[in-house]
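Okay, start39.txt now, which holds compact mmCIF, C-alpha atoms:
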```
# COMPACT_ATOMS: atom_id res chain seq x y z
CA MET K 1 0.00 0.00 0.00
CA ARG K 2 1.29 3.43 -0.95
CA SER K 3 0.27 6.89 0.19
CA THR K 4 1.30 10.39 -0.80
CA VAL K 5 0.30 11.61 2.66
CA THR K 6 2.68 10.63 5.45
CA VAL K 7 3.42 11.49 9.07
CA THR K 8 6.77 11.83 10.81
CA PRO K 9 7.64 10.19 14.14
CA ALA K 10 7.05 13.53 15.88
CA GLN K 11 3.55 13.82 14.39
CA LEU K 12 2.50 10.23 15.05
CA PRO K 13 1.62 10.47 18.79
CA GLU K 14 -1.01 13.15 18.19
CA VAL K 15 -2.55 11.12 15.37
CA LEU K 16 -2.69 7.99 17.52
CA LEU K 17 -4.04 9.91 20.50
CA HIS K 18 -7.10 11.01 18.58
CA VAL K 19 -7.60 8.04 16.28
CA ALA K 20 -6.44 4.89 18.09
CA VAL K 21 -8.78 5.57 21.03
CA VAL K 22 -11.82 5.33 18.76
CA ARG K 23 -10.74 3.11 15.85
CA PRO K 24 -8.05 0.49 15.17
CA VAL K 25 -5.00 1.94 13.38
CA PHE K 26 -2.62 0.25 10.97
CA LEU K 27 0.83 1.80 10.76
CA TRP K 28 2.66 1.36 7.46
CA GLY K 29 6.32 2.06 6.94
CA ALA K 30 9.67 0.85 5.67
CA PRO K 31 11.70 -1.57 7.81
CA GLY K 32 13.83 -0.09 10.56
CA ILE K 33 12.25 3.35 10.87
CA GLY K 34 10.92 2.78 14.41
CA LYS K 35 7.28 1.70 14.04
CA SER K 36 7.37 -0.78 16.91
CA SER K 37 9.29 1.42 19.32
CA LEU K 38 6.98 4.37 18.63
CA VAL K 39 3.90 2.29 19.41
CA ARG K 40 5.42 1.01 22.65
CA LYS K 41 6.40 4.53 23.67
CA PHE K 42 2.89 5.81 22.88
CA ALA K 43 1.32 3.07 25.02
CA ALA K 44 3.68 3.83 27.89
CA GLU K 45 2.79 7.52 27.75
CA LEU K 46 -0.89 6.56 28.08
CA GLY K 47 -0.07 4.34 31.04
CA LEU K 48 -1.08 1.21 29.15
CA GLU K 49 0.79 -2.05 29.01
CA CYS K 50 1.76 -2.88 25.44
CA VAL K 51 1.05 -6.49 24.51
CA THR K 52 2.77 -7.36 21.23
CA LEU K 53 1.66 -10.21 18.97
CA LEU K 54 3.87 -11.01 15.98
CA GLY K 55 1.78 -12.01 13.00
CA THR K 56 4.52 -14.19 11.56
CA GLN K 57 4.63 -16.30 14.73
CA LEU K 58 0.91 -16.89 15.21
CA ALA K 59 -1.55 -19.61 14.35
CA PRO K 60 -5.33 -18.94 14.33
CA GLU K 61 -5.78 -20.77 17.64
CA ASP K 62 -3.28 -18.40 19.24
CA LEU K 63 -5.97 -15.73 18.83
CA ILE K 64 -9.33 -17.44 19.08
CA GLY K 65 -8.12 -19.85 21.73
CA VAL K 66 -9.04 -23.52 22.18
CA PRO K 67 -12.45 -25.01 23.05
CA GLU K 68 -13.29 -25.90 26.65
CA LEU K 69 -16.37 -27.35 28.33
CA VAL K 70 -18.30 -25.06 30.64
CA GLY K 71 -21.60 -26.33 32.08
CA GLY K 72 -21.85 -29.03 29.44
CA ARG K 73 -21.29 -26.56 26.61
CA SER K 74 -18.13 -25.81 24.66
CA ARG K 75 -16.72 -22.35 24.26
CA PHE K 76 -13.42 -20.95 23.10
CA ALA K 77 -11.05 -19.85 25.85
CA PRO K 78 -8.98 -16.91 24.60
CA PRO K 79 -5.24 -17.02 25.34
CA GLU K 80 -3.92 -15.41 28.51
CA THR K 81 -1.91 -12.87 26.53
CA ILE K 82 -5.15 -11.37 25.20
CA ALA K 83 -7.69 -12.06 27.94
CA ARG K 84 -6.82 -9.39 30.49
CA HIS K 85 -8.90 -7.51 33.04
CA ASP K 86 -7.24 -4.11 32.74
CA PRO K 87 -7.16 -1.95 29.60
CA TYR K 88 -4.06 -2.31 27.49
CA CYS K 89 -2.57 -1.62 24.05
CA LEU K 90 -2.80 -4.62 21.76
CA PHE K 91 -0.04 -4.22 19.19
CA LEU K 92 -0.35 -6.50 16.17
CA ASP K 93 3.13 -6.28 14.69
CA GLU K 94 3.85 -7.68 11.22
CA LEU K 95 0.12 -8.14 10.81
CA ASN K 96 0.24 -8.12 7.02
CA ALA K 97 2.99 -10.75 7.06
CA SER K 98 0.73 -13.28 8.77
CA SER K 99 -1.06 -16.06 6.91
CA PRO K 100 -4.55 -15.47 5.47
CA GLU K 101 -6.02 -17.72 8.19
CA VAL K 102 -4.42 -15.62 10.94
CA GLN K 103 -5.59 -12.42 9.27
CA LYS K 104 -9.15 -13.77 9.27
CA ALA K 105 -8.82 -14.58 12.97
CA PHE K 106 -8.04 -10.91 13.57
CA TYR K 107 -11.30 -9.67 12.03
CA SER K 108 -13.55 -9.65 15.09
CA LEU K 109 -10.68 -8.66 17.39
CA ILE K 110 -9.91 -5.59 15.27
CA LEU K 111 -13.43 -4.47 14.41
CA ASP K 112 -15.52 -5.67 17.36
CA ARG K 113 -12.69 -5.77 19.94
CA ARG K 114 -13.90 -9.25 20.82
CA VAL K 115 -12.63 -12.84 20.72
CA GLY K 116 -15.47 -15.29 21.24
CA SER K 117 -17.20 -14.21 24.43
CA TYR K 118 -14.21 -12.17 25.62
CA GLU K 119 -14.25 -8.43 24.97
CA LEU K 120 -11.26 -6.13 25.33
CA PRO K 121 -11.52 -4.01 28.49
CA LYS K 122 -12.89 -0.52 27.97
CA GLY K 123 -10.03 1.88 27.33
CA SER K 124 -7.97 -0.65 25.38
CA ILE K 125 -6.57 0.29 21.98
CA VAL K 126 -5.62 -1.83 18.97
CA ILE K 127 -2.74 -0.86 16.69
CA GLY K 128 -1.33 -2.90 13.83
CA ALA K 129 1.88 -2.35 11.91
CA GLY K 130 3.66 -3.79 8.92
CA ASN K 131 6.14 -3.25 6.14
CA ARG K 132 5.27 -2.48 2.55
CA ALA K 133 5.72 -4.93 -0.31
CA VAL K 134 7.77 -2.30 -2.16
CA ASP K 135 10.42 -2.52 0.59
CA ASN K 136 11.30 -6.09 -0.38
CA ALA K 137 10.05 -7.16 3.04
CA LEU K 138 7.86 -10.11 3.97
CA ALA K 139 4.33 -8.90 3.29
CA ARG K 140 1.21 -10.63 2.06
CA PRO K 141 -1.76 -8.98 0.39
CA MET K 142 -4.24 -7.88 3.02
CA ALA K 143 -7.86 -8.86 2.41
CA SER K 144 -10.13 -5.93 1.63
CA ALA K 145 -12.33 -6.83 4.59
CA LEU K 146 -9.33 -6.41 6.91
CA VAL K 147 -8.09 -3.25 5.16
CA ASN K 148 -11.52 -1.70 5.63
CA ARG K 149 -11.50 -2.39 9.36
CA MET K 150 -8.64 0.01 10.17
CA VAL K 151 -7.48 3.58 9.73
CA HIS K 152 -4.24 3.48 7.73
CA VAL K 153 -1.37 5.81 8.65
CA HIS K 154 1.88 5.96 6.68
CA LEU K 155 5.05 6.69 8.65
CA THR K 156 8.15 8.19 7.06
CA ALA K 157 11.64 8.55 8.48
CA SER K 158 12.58 12.06 9.63
CA ALA K 159 16.19 13.00 10.25
CA ARG K 160 15.14 15.98 12.37
CA ASP K 161 12.99 13.81 14.63
CA TRP K 162 15.58 11.06 14.90
CA LEU K 163 18.44 13.43 15.68
CA ALA K 164 16.37 15.09 18.41
CA TRP K 165 15.72 11.64 19.88
CA ALA K 166 19.34 10.58 19.46
CA ARG K 167 20.65 13.53 21.48
CA GLU K 168 18.62 12.33 24.46
CA ASN K 169 19.35 8.61 24.09
CA ASN K 170 23.11 8.17 24.21
CA ILE K 171 23.67 7.69 20.49
CA HIS K 172 27.41 7.56 19.81
CA PRO K 173 28.86 11.03 19.10
CA TRP K 174 30.36 9.89 15.78
CA VAL K 175 26.99 8.66 14.53
CA LEU K 176 25.19 11.74 15.82
CA GLU K 177 27.64 14.20 14.26
CA TYR K 178 27.81 12.33 10.96
CA LEU K 179 24.03 12.28 10.52
CA THR K 180 23.84 15.91 11.59
CA GLN K 181 26.07 16.68 8.62
CA ARG K 182 24.45 14.14 6.30
CA PRO K 183 20.80 13.75 7.36
CA ASP K 184 20.04 12.36 3.90
CA HIS K 185 21.98 9.23 4.90
CA LEU K 186 19.64 8.29 7.75
CA TRP K 187 17.51 6.10 5.50
CA SER K 188 17.85 4.41 2.13
CA ALA K 189 15.42 2.25 0.20
CA ALA K 190 15.74 -1.48 0.73
CA PRO K 191 17.74 -3.15 -2.06
CA LYS K 192 16.37 -5.97 -4.19
CA VAL K 193 19.16 -8.26 -3.03
CA GLU K 194 20.44 -9.32 0.38
CA GLU K 195 22.52 -6.30 1.32
CA THR K 196 22.65 -4.00 4.32
CA PHE K 197 20.85 -0.70 3.94
CA SER K 198 20.61 2.44 6.03
CA THR K 199 17.78 2.84 8.52
CA PRO K 200 17.43 4.52 11.92
CA ARG K 201 17.61 1.00 13.38
CA GLY K 202 20.86 0.29 11.52
CA TRP K 203 22.51 3.50 12.75
CA HIS K 204 21.34 2.70 16.27
CA MET K 205 22.97 -0.75 16.02
CA LEU K 206 26.19 0.83 14.76
CA SER K 207 26.09 3.25 17.71
CA ASP K 208 25.68 0.40 20.20
CA ALA K 209 28.58 -1.50 18.65
CA LEU K 210 30.82 1.57 18.76
CA HIS K 211 29.99 2.16 22.41
CA SER K 212 30.91 -1.46 23.09
CA PHE K 213 34.30 -1.22 21.35
CA GLY K 214 35.18 2.24 22.63
CA GLU K 215 37.12 4.99 20.88
CA ASP K 216 40.14 2.71 20.37
CA VAL K 217 38.24 0.70 17.73
CA SER K 218 40.57 0.02 14.84
CA GLU K 219 39.90 1.25 11.32
CA GLU K 220 39.52 -2.36 10.19
CA ILE K 221 36.89 -3.17 12.82
CA LEU K 222 35.18 0.15 12.19
CA GLY K 223 34.74 -0.98 8.59
CA VAL K 224 33.30 -4.30 9.70
CA LEU K 225 30.75 -2.54 11.91
CA ALA K 226 29.77 0.16 9.40
CA PHE K 227 29.47 -2.13 6.39
CA GLY K 228 27.53 -4.60 8.53
CA THR K 229 24.83 -2.12 9.53
CA VAL K 230 24.29 0.53 6.83
CA THR K 231 24.44 1.01 3.05
CA ALA K 232 27.91 0.37 1.60
CA ASN K 233 28.26 3.93 0.29
CA HIS K 234 27.18 5.41 3.62
CA ALA K 235 29.53 3.05 5.47
CA SER K 236 32.47 4.20 3.35
CA MET K 237 31.57 7.84 3.95
CA PHE K 238 31.18 7.22 7.68
CA LYS K 239 34.64 5.66 7.86
CA ALA K 240 36.09 8.70 6.14
CA PHE K 241 34.22 10.98 8.54
CA VAL K 242 35.68 9.18 11.55
CA LYS K 243 39.11 9.68 10.02
CA THR K 244 38.46 13.43 9.90
CA VAL K 245 37.45 13.35 13.56
CA ARG K 246 40.51 11.41 14.61
CA HIS K 247 42.90 13.62 12.65
CA ALA K 248 41.08 16.94 13.14
CA TYR K 249 40.79 17.12 9.37
CA GLY K 250 37.39 18.65 8.76
CA LEU K 251 35.78 20.68 5.99
CA GLU K 252 35.94 23.84 8.10
CA ALA K 253 39.74 23.60 8.19
CA VAL K 254 39.80 23.21 4.41
CA LEU K 255 37.48 26.17 3.91
CA ARG K 256 39.60 28.35 6.20
CA GLY K 257 42.75 27.33 4.35
CA ASP K 258 44.33 25.81 7.48
CA VAL K 259 44.86 22.56 5.58
CA ARG K 260 44.73 21.53 1.93
CA TRP K 261 42.72 18.76 0.36
CA PRO K 262 44.21 15.39 1.44
CA SER K 263 46.43 14.08 -1.34
CA ALA K 264 47.84 10.78 -0.04
CA PRO K 265 46.64 7.68 -1.96
CA GLY K 266 45.45 6.14 1.30
CA ASP K 267 43.23 9.17 1.97
CA ARG K 268 41.13 8.82 -1.17
CA ASP K 269 38.05 7.98 0.90
CA LEU K 270 38.70 11.06 3.05
CA LEU K 271 39.01 13.25 -0.06
CA TYR K 272 35.72 11.93 -1.39
CA PHE K 273 33.95 12.51 1.93
CA LEU K 274 35.23 16.09 2.20
CA ALA K 275 34.19 16.76 -1.40
CA GLU K 276 30.69 15.45 -0.69
CA ALA K 277 30.49 17.67 2.38
CA PHE K 278 31.80 20.60 0.29
CA ARG K 279 29.08 20.03 -2.32
CA ALA K 280 26.41 19.89 0.41
CA ARG K 281 27.72 23.16 1.90
CA LEU K 282 27.58 24.92 -1.49
CA VAL K 283 24.05 23.64 -2.11
CA LYS K 284 22.91 24.82 1.29
CA GLU K 285 24.62 28.19 1.59
CA LEU K 286 25.13 29.63 -1.90
CA PRO K 287 22.32 32.13 -2.59
CA HIS K 288 20.12 31.55 -5.63
CA ASP K 289 20.39 35.19 -6.64
CA LYS K 290 23.89 36.67 -6.70
CA ALA K 291 22.61 40.24 -6.96
CA HIS K 292 21.07 39.98 -3.50
CA ALA K 293 23.69 37.68 -2.02
CA PRO K 294 25.12 38.61 1.39
CA SER K 295 28.84 39.07 1.68
CA ALA K 296 29.22 35.64 3.28
CA GLY K 297 27.62 34.04 0.22
CA LYS K 298 29.93 35.87 -2.15
CA GLN K 299 32.95 34.91 -0.05
CA LEU K 300 31.88 31.26 -0.12
CA ALA K 301 31.52 31.41 -3.92
CA HIS K 302 34.99 32.92 -4.29
CA ARG K 303 36.57 30.41 -1.94
CA GLY K 304 34.58 27.61 -3.51
CA LYS K 305 35.99 28.24 -6.99
CA ALA K 306 39.53 28.24 -5.60
CA LEU K 307 38.92 24.97 -3.81
CA LEU K 308 37.40 23.45 -6.94
CA LEU K 309 40.56 24.30 -8.85
CA GLU K 310 42.74 22.70 -6.16
CA LEU K 311 40.47 19.67 -6.04
CA ALA K 312 40.61 19.24 -9.81
CA GLU K 313 44.41 19.05 -9.62
CA LEU K 314 44.06 16.04 -7.33
CA SER K 315 41.05 14.38 -8.93
CA LEU K 316 39.15 15.80 -11.86
CA GLU K 317 36.45 13.19 -11.35
CA ILE K 318 35.78 14.20 -7.73
CA ALA K 319 35.81 17.90 -8.64
CA GLN K 320 33.22 17.21 -11.33
CA MET K 321 31.09 15.41 -8.75
CA VAL K 322 30.91 18.61 -6.68
CA ILE K 323 29.23 20.57 -9.48
CA ALA K 324 27.30 17.67 -11.04
CA ALA K 325 23.54 17.76 -11.60
CA ASP K 326 21.19 15.46 -9.69
CA ASP K 327 20.15 12.00 -10.90
CA GLU K 328 17.48 13.53 -13.14
CA GLY K 329 19.88 15.95 -14.78
CA ASN K 330 18.73 19.05 -12.89
CA PRO K 331 21.39 21.47 -11.58
CA VAL K 332 21.69 21.56 -7.81
CA LEU K 333 23.99 24.57 -7.59
CA PRO K 334 22.83 28.11 -8.47
CA ALA K 335 22.96 28.94 -12.17
CA TRP K 336 25.09 32.06 -11.61
CA PHE K 337 27.73 30.03 -9.77
CA LEU K 338 27.85 27.43 -12.53
CA VAL K 339 28.26 30.24 -15.09
CA GLU K 340 31.22 31.60 -13.15
CA VAL K 341 32.74 28.13 -12.87
CA THR K 342 32.36 27.74 -16.65
CA ARG K 343 34.11 31.09 -17.14
CA ASP K 344 36.86 30.76 -14.56
CA LEU K 345 37.48 27.00 -14.66
CA PRO K 346 36.97 26.01 -18.29
CA ARG K 347 39.13 22.89 -17.91
CA LEU K 348 36.82 21.50 -15.27
CA VAL K 349 33.67 22.16 -17.27
CA ALA K 350 35.19 20.99 -20.59
CA ALA K 351 36.05 17.67 -19.01
CA ARG K 352 32.40 17.16 -18.08
CA ALA K 353 31.22 17.69 -21.66
```
Mind converting the file's structure to structure tokens?
Amino acid sequence: MRSTVTVTPAQLPEVLLHVAVVRPVFLWGAPGIGKSSLVRKFAAELGLECVTLLGTQLAPEDLIGVPELVGGRSRFAPPETIARHDPYCLFLDELNASSPEVQKAFYSLILDRRVGSYELPKGSIVIGAGNRAVDNALARPMASALVNRMVHVHLTASARDWLAWARENNIHPWVLEYLTQRPDHLWSAAPKVEETFSTPRGWHMLSDALHSFGEDVSEEILGVLAFGTVTANHASMFKAFVKTVRHAYGLEAVLRGDVRWPSAPGDRDLLYFLAEAFRARLVKELPHDKAHAPSAGKQLAHRGKALLLELAELSLEIAQMVIAADDEGNPVLPAWFLVEVTRDLPRLVAARA
């Protein structure tokens, strides 16, 4: 299921507060963006115990219970995990990954809040969650009858929300600072093959592993951890970032002229990382209109052209990457700056043609 209307983790609690108390909610989202943890946190803030049922680990009888004789008549005894006296949050995780028989068993529980003769205590809420088929995750088509029994909310990853959370939850400083500089690396689409990919969960795992190893972690082990948790390109960039931290070799020093672009063959990854950060800085801070540009913008443009020239002497390919268009061929840097680069650095632009 797709939707052009999404909510961020910061917006989700308000939506759940007003919707989940009156109707069951199904939370859609890519793997690793925090659906389960957000539901558990929401339940805790309401003072409700969160009872999680994993759709992939259930059989129909795990929901409807097994028959028992009472007064000469049989009735289904719901499982202890569901049949509770106090209100609670019933979280049906991976609901759309469950078998069709299990999905059918959920019908009355979701719509009528009832299993056999047992009814959920007043004040209980029901929230389901699942991944999307487009994310190459385990997901089965959901029957229309089940789809129509819930309000569907689509969650998207938000770097701003995650970074705010990370600052309060002991995320490793390297991870926090890297994603502050490159928030676009927080999440990447799941690949079609079995490869690691970047998610908030993956960065959290990398943070935990770094805390465990400590700051003396070797470059080799750092590579093992990074490439084992996030997208290969992001892992390579993260390794280069850590090198800048360890050697006090940051973009600010390059911009100030305190140091030059790294030129050693072994620092190729560092050069690429700094060039990516340089490109991001130009995109963010160069004004779209030179005529109304503040002095800081003009100074950055002047310094930027000088640095592009120096970078081209080391690697023409990386220098071209700084001024390259996006994947759809649209310029990302201001037109006036590109015109000046064409005029002042014809070698760089000619090589791109």
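Closest approach to Glu14 (chain K) from the set K:Val224, K:Cys89, K:Leu46, K:Ala189 is made by K:Leu46, with distances taken over only C-alpha atoms.
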Distance query Ser315 (chain K) at most 12 Å, all atoms listed in the file, self and fewer than 4 positions along chain excluded, as number ranges by chain: K: 261-265, 268, 271-272, 275, 307-311, 319-322, 348, 351
Residue with smallest distance to Arg201 (chain K) - pool K:Pro121, K:Phe337, K:Ala30, K:Val153, counting all atoms listed in the file: K:Ala30
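Of note, CA of Gly34 (chain K) and CA of Thr156 (chain K) are spaced 9.5 Å apart.
Comparing K:Gly116, K:Gly250, K:Gly123, K:Gly257 by their smallest distance to Ala77 (chain K), the closest is K:Gly116 (using only C-alpha atoms).
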Residue nearest Thr342 (chain K) among K:Val283, K:Ala143, K:Leu176, K:Ile323 (counting all atoms listed in the file): K:Ile323
Within-12 Å shell of (26.7, 12.6, 17.4) in input frame, all atoms listed in the file, as a PyMOL selection string: chain K and resi 162-183+203-204+207+210+238+241-242+245
Take the residues that were just selected and, keeping C-alpha atoms, output them as a CSV table (one decimal), keeping the file's coordinate frame.
```csv
chain,number,residue,atom,x,y,z
K,162,TRP,CA,15.6,11.1,14.9
K,163,LEU,CA,18.4,13.4,15.7
K,164,ALA,CA,16.4,15.1,18.4
K,165,TRP,CA,15.7,11.6,19.9
K,166,ALA,CA,19.3,10.6,19.5
K,167,ARG,CA,20.6,13.5,21.5
K,168,GLU,CA,18.6,12.3,24.5
K,169,ASN,CA,19.4,8.6,24.1
K,170,ASN,CA,23.1,8.2,24.2
K,171,ILE,CA,23.7,7.7,20.5
K,172,HIS,CA,27.4,7.6,19.8
K,173,PRO,CA,28.9,11.0,19.1
K,174,TRP,CA,30.4,9.9,15.8
K,175,VAL,CA,27.0,8.7,14.5
K,176,LEU,CA,25.2,11.7,15.8
K,177,GLU,CA,27.6,14.2,14.3
K,178,TYR,CA,27.8,12.3,11.0
K,179,LEU,CA,24.0,12.3,10.5
K,180,THR,CA,23.8,15.9,11.6
K,181,GLN,CA,26.1,16.7,8.6
K,182,ARG,CA,24.4,14.1,6.3
K,183,PRO,CA,20.8,13.8,7.4
K,203,TRP,CA,22.5,3.5,12.8
K,204,HIS,CA,21.3,2.7,16.3
K,207,SER,CA,26.1,3.2,17.7
K,210,LEU,CA,30.8,1.6,18.8
K,238,PHE,CA,31.2,7.2,7.7
K,241,PHE,CA,34.2,11.0,8.5
K,242,VAL,CA,35.7,9.2,11.6
K,245,VAL,CA,37.4,13.4,13.6
```
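For the residues K:Val193, K:Val15, K:Val22, K:Val126, ranking by smallest atom-to-atom distance to Tyr88 (chain K) using all atoms listed in the file places K:Val126 first.
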Between CA of Pro13 (chain K) and CA of Asp86 (chain K) - distance in Å to one decimal: 22.0 Å
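One finds CA of Val25 (chain K) at 11.3 Å from CA of Gly130 (chain K).
Of the residues under consideration (K:Cys50, K:Ala159, K:Ala335, K:Ile82), K:Cys50 shows the shortest atom-to-atom contact distance to Leu38 (chain K) when counting all atoms listed in the file.
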Selection near Ala296 (chain K), 10 Å with only C-alpha atoms, sequence-local residues under 3 positions removed, as a PyMOL selection string: chain K and resi 285-287+293+299-302
Extract region 200-215 of chain K from the structure I just pasted (atoms: N, CA, C and O atoms) and return it as a PDB file, in the first residue's frame.
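Full text of result_19.pdb as output:
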```pdb
ATOM      1  N   PRO K 200      17.171   4.093  10.535  1.00  0.00           N
ATOM      2  CA  PRO K 200      17.427   4.516  11.917  1.00  0.00           C
ATOM      3  C   PRO K 200      17.845   3.342  12.811  1.00  0.00           C
ATOM      4  O   PRO K 200      18.728   3.495  13.667  1.00  0.00           O
ATOM      5  N   ARG K 201      17.237   2.183  12.584  1.00  0.00           N
ATOM      6  CA  ARG K 201      17.609   1.002  13.379  1.00  0.00           C
ATOM      7  C   ARG K 201      19.062   0.614  13.129  1.00  0.00           C
ATOM      8  O   ARG K 201      19.810   0.281  14.055  1.00  0.00           O
ATOM      9  N   GLY K 202      19.487   0.651  11.855  1.00  0.00           N
ATOM     10  CA  GLY K 202      20.860   0.292  11.524  1.00  0.00           C
ATOM     11  C   GLY K 202      21.873   1.229  12.154  1.00  0.00           C
ATOM     12  O   GLY K 202      22.906   0.798  12.683  1.00  0.00           O
ATOM     13  N   TRP K 203      21.597   2.538  12.113  1.00  0.00           N
ATOM     14  CA  TRP K 203      22.508   3.505  12.745  1.00  0.00           C
ATOM     15  C   TRP K 203      22.540   3.320  14.253  1.00  0.00           C
ATOM     16  O   TRP K 203      23.596   3.487  14.891  1.00  0.00           O
ATOM     17  N   HIS K 204      21.390   2.956  14.834  1.00  0.00           N
ATOM     18  CA  HIS K 204      21.345   2.697  16.274  1.00  0.00           C
ATOM     19  C   HIS K 204      22.211   1.480  16.609  1.00  0.00           C
ATOM     20  O   HIS K 204      22.955   1.478  17.603  1.00  0.00           O
ATOM     21  N   MET K 205      22.136   0.435  15.789  1.00  0.00           N
ATOM     22  CA  MET K 205      22.972  -0.746  16.018  1.00  0.00           C
ATOM     23  C   MET K 205      24.449  -0.396  15.897  1.00  0.00           C
ATOM     24  O   MET K 205      25.278  -0.869  16.698  1.00  0.00           O
ATOM     25  N   LEU K 206      24.792   0.411  14.913  1.00  0.00           N
ATOM     26  CA  LEU K 206      26.186   0.832  14.764  1.00  0.00           C
ATOM     27  C   LEU K 206      26.636   1.617  15.990  1.00  0.00           C
ATOM     28  O   LEU K 206      27.757   1.419  16.501  1.00  0.00           O
ATOM     29  N   SER K 207      25.768   2.489  16.501  1.00  0.00           N
ATOM     30  CA  SER K 207      26.091   3.251  17.708  1.00  0.00           C
ATOM     31  C   SER K 207      26.353   2.328  18.893  1.00  0.00           C
ATOM     32  O   SER K 207      27.343   2.502  19.620  1.00  0.00           O
ATOM     33  N   ASP K 208      25.492   1.340  19.083  1.00  0.00           N
ATOM     34  CA  ASP K 208      25.679   0.400  20.199  1.00  0.00           C
ATOM     35  C   ASP K 208      27.006  -0.347  20.081  1.00  0.00           C
ATOM     36  O   ASP K 208      27.718  -0.548  21.080  1.00  0.00           O
ATOM     37  N   ALA K 209      27.335  -0.767  18.856  1.00  0.00           N
ATOM     38  CA  ALA K 209      28.581  -1.498  18.651  1.00  0.00           C
ATOM     39  C   ALA K 209      29.791  -0.604  18.918  1.00  0.00           C
ATOM     40  O   ALA K 209      30.789  -1.040  19.512  1.00  0.00           O
ATOM     41  N   LEU K 210      29.715   0.646  18.509  1.00  0.00           N
ATOM     42  CA  LEU K 210      30.825   1.574  18.758  1.00  0.00           C
ATOM     43  C   LEU K 210      30.999   1.844  20.243  1.00  0.00           C
ATOM     44  O   LEU K 210      32.129   1.927  20.747  1.00  0.00           O
ATOM     45  N   HIS K 211      29.898   1.993  20.949  1.00  0.00           N
ATOM     46  CA  HIS K 211      29.988   2.161  22.407  1.00  0.00           C
ATOM     47  C   HIS K 211      30.666   0.946  23.030  1.00  0.00           C
ATOM     48  O   HIS K 211      31.470   1.084  23.968  1.00  0.00           O
ATOM     49  N   SER K 212      30.348  -0.232  22.526  1.00  0.00           N
ATOM     50  CA  SER K 212      30.915  -1.458  23.091  1.00  0.00           C
ATOM     51  C   SER K 212      32.421  -1.547  22.853  1.00  0.00           C
ATOM     52  O   SER K 212      33.173  -1.948  23.739  1.00  0.00           O
ATOM     53  N   PHE K 213      32.874  -1.161  21.665  1.00  0.00           N
ATOM     54  CA  PHE K 213      34.300  -1.222  21.349  1.00  0.00           C
ATOM     55  C   PHE K 213      35.078  -0.088  21.980  1.00  0.00           C
ATOM     56  O   PHE K 213      36.249  -0.243  22.338  1.00  0.00           O
ATOM     57  N   GLY K 214      34.460   1.091  22.115  1.00  0.00           N
ATOM     58  CA  GLY K 214      35.175   2.240  22.634  1.00  0.00           C
ATOM     59  C   GLY K 214      35.903   2.992  21.531  1.00  0.00           C
ATOM     60  O   GLY K 214      35.956   2.556  20.378  1.00  0.00           O
ATOM     61  N   GLU K 215      36.494   4.128  21.877  1.00  0.00           N
ATOM     62  CA  GLU K 215      37.116   4.992  20.883  1.00  0.00           C
ATOM     63  C   GLU K 215      38.381   4.398  20.295  1.00  0.00           C
ATOM     64  O   GLU K 215      38.911   4.916  19.299  1.00  0.00           O
TER      65      GLU K 215
END
```
